Amino acid sequence: MRPRLLALAALAATAIGTAACGGGSAPPPAPGSPERPLVGTTRSVGGVSATGRSNEAATSGTKSEPGYDALLKSQSKHPLSRFTPCNLVTQKQAAAIVGAPMQDPVEAAQGPTCIYRSRNGRSFVTLAIQALDFDKLKPHLRVPHRVTVGGHTAYCGTYGQPMLYVPLSGGRVLSVAGRCAIAKQFAGRAVRQL
């Protein structure tokens, strides 16, 4: 038993000595730790930074919370390209389809997507032209049913929310988020312009 104890003591002494010979330098602190914080950068679009603060507020040091209005201000009426899905269905046409007065349509960058909201906030429809493979998306569409929109075969169903998809040429798909009856009318107006 005594030789085993001596061997264990020698092994422990060797391990402690080896660990202490690490060159005297500690590993750098982990990213995101108090000693090495992560620093984010902001991007400015239309006078408003990605945090929702105006460029003036960001540089003057005044604190402003990001908000929906600041996001809208940076997106609406300033599309990044000549094409905007908001040109496919006008505010007046959207009001006739929904049966309620509508706010100004807003273009969101992703897609790009046009957002239509009624003034009372009860109706909400989005419209986008996307480059996607509809054959891969279709199996994920819950309770799909085929409809016809402006001579095109389209599909209503649920993909996280009620959706209508109209496969177009060139690998493009017109997608409208909204109940099928309303989405079909938005899509019908849109495909006339495409």
# chains A, B, ... in the order shown; residues from 1 in each chain; ligands from 1

call {"tool": "residues_around", "arguments": {"residues": "Ala100 (chain A)", "least_positions_apart": "2", "cutoff": "8 Å", "atoms": "only C-alpha atoms", "output": "PyMOL selection string"}}
result
chain A and resi 95-96+98+102+118-119

call {"tool": "residues_around", "arguments": {"residues": "Asn87 (chain A)", "least_positions_apart": "3", "cutoff": "10 Å", "atoms": "only C-alpha atoms", "output": "list in words"}}
result
Arg82, Phe83, Thr84, Thr90, Gln91, Pro105, Glu107, Cys114, Ala190 and Gln193 of chain A

call {"tool": "closest_residue", "arguments": {"among": "A:Pro27, A:Pro85, A:Gly188, A:Pro112", "to": "Ala154 (chain A)", "atoms": "only C-alpha atoms"}}
result
A:Gly188

call {"tool": "closest_residue", "arguments": {"among": "A:Thr158, A:Gln130, A:Thr148, A:Thr153", "to": "Val173 (chain A)", "atoms": "only C-alpha atoms"}}
result
A:Gln130
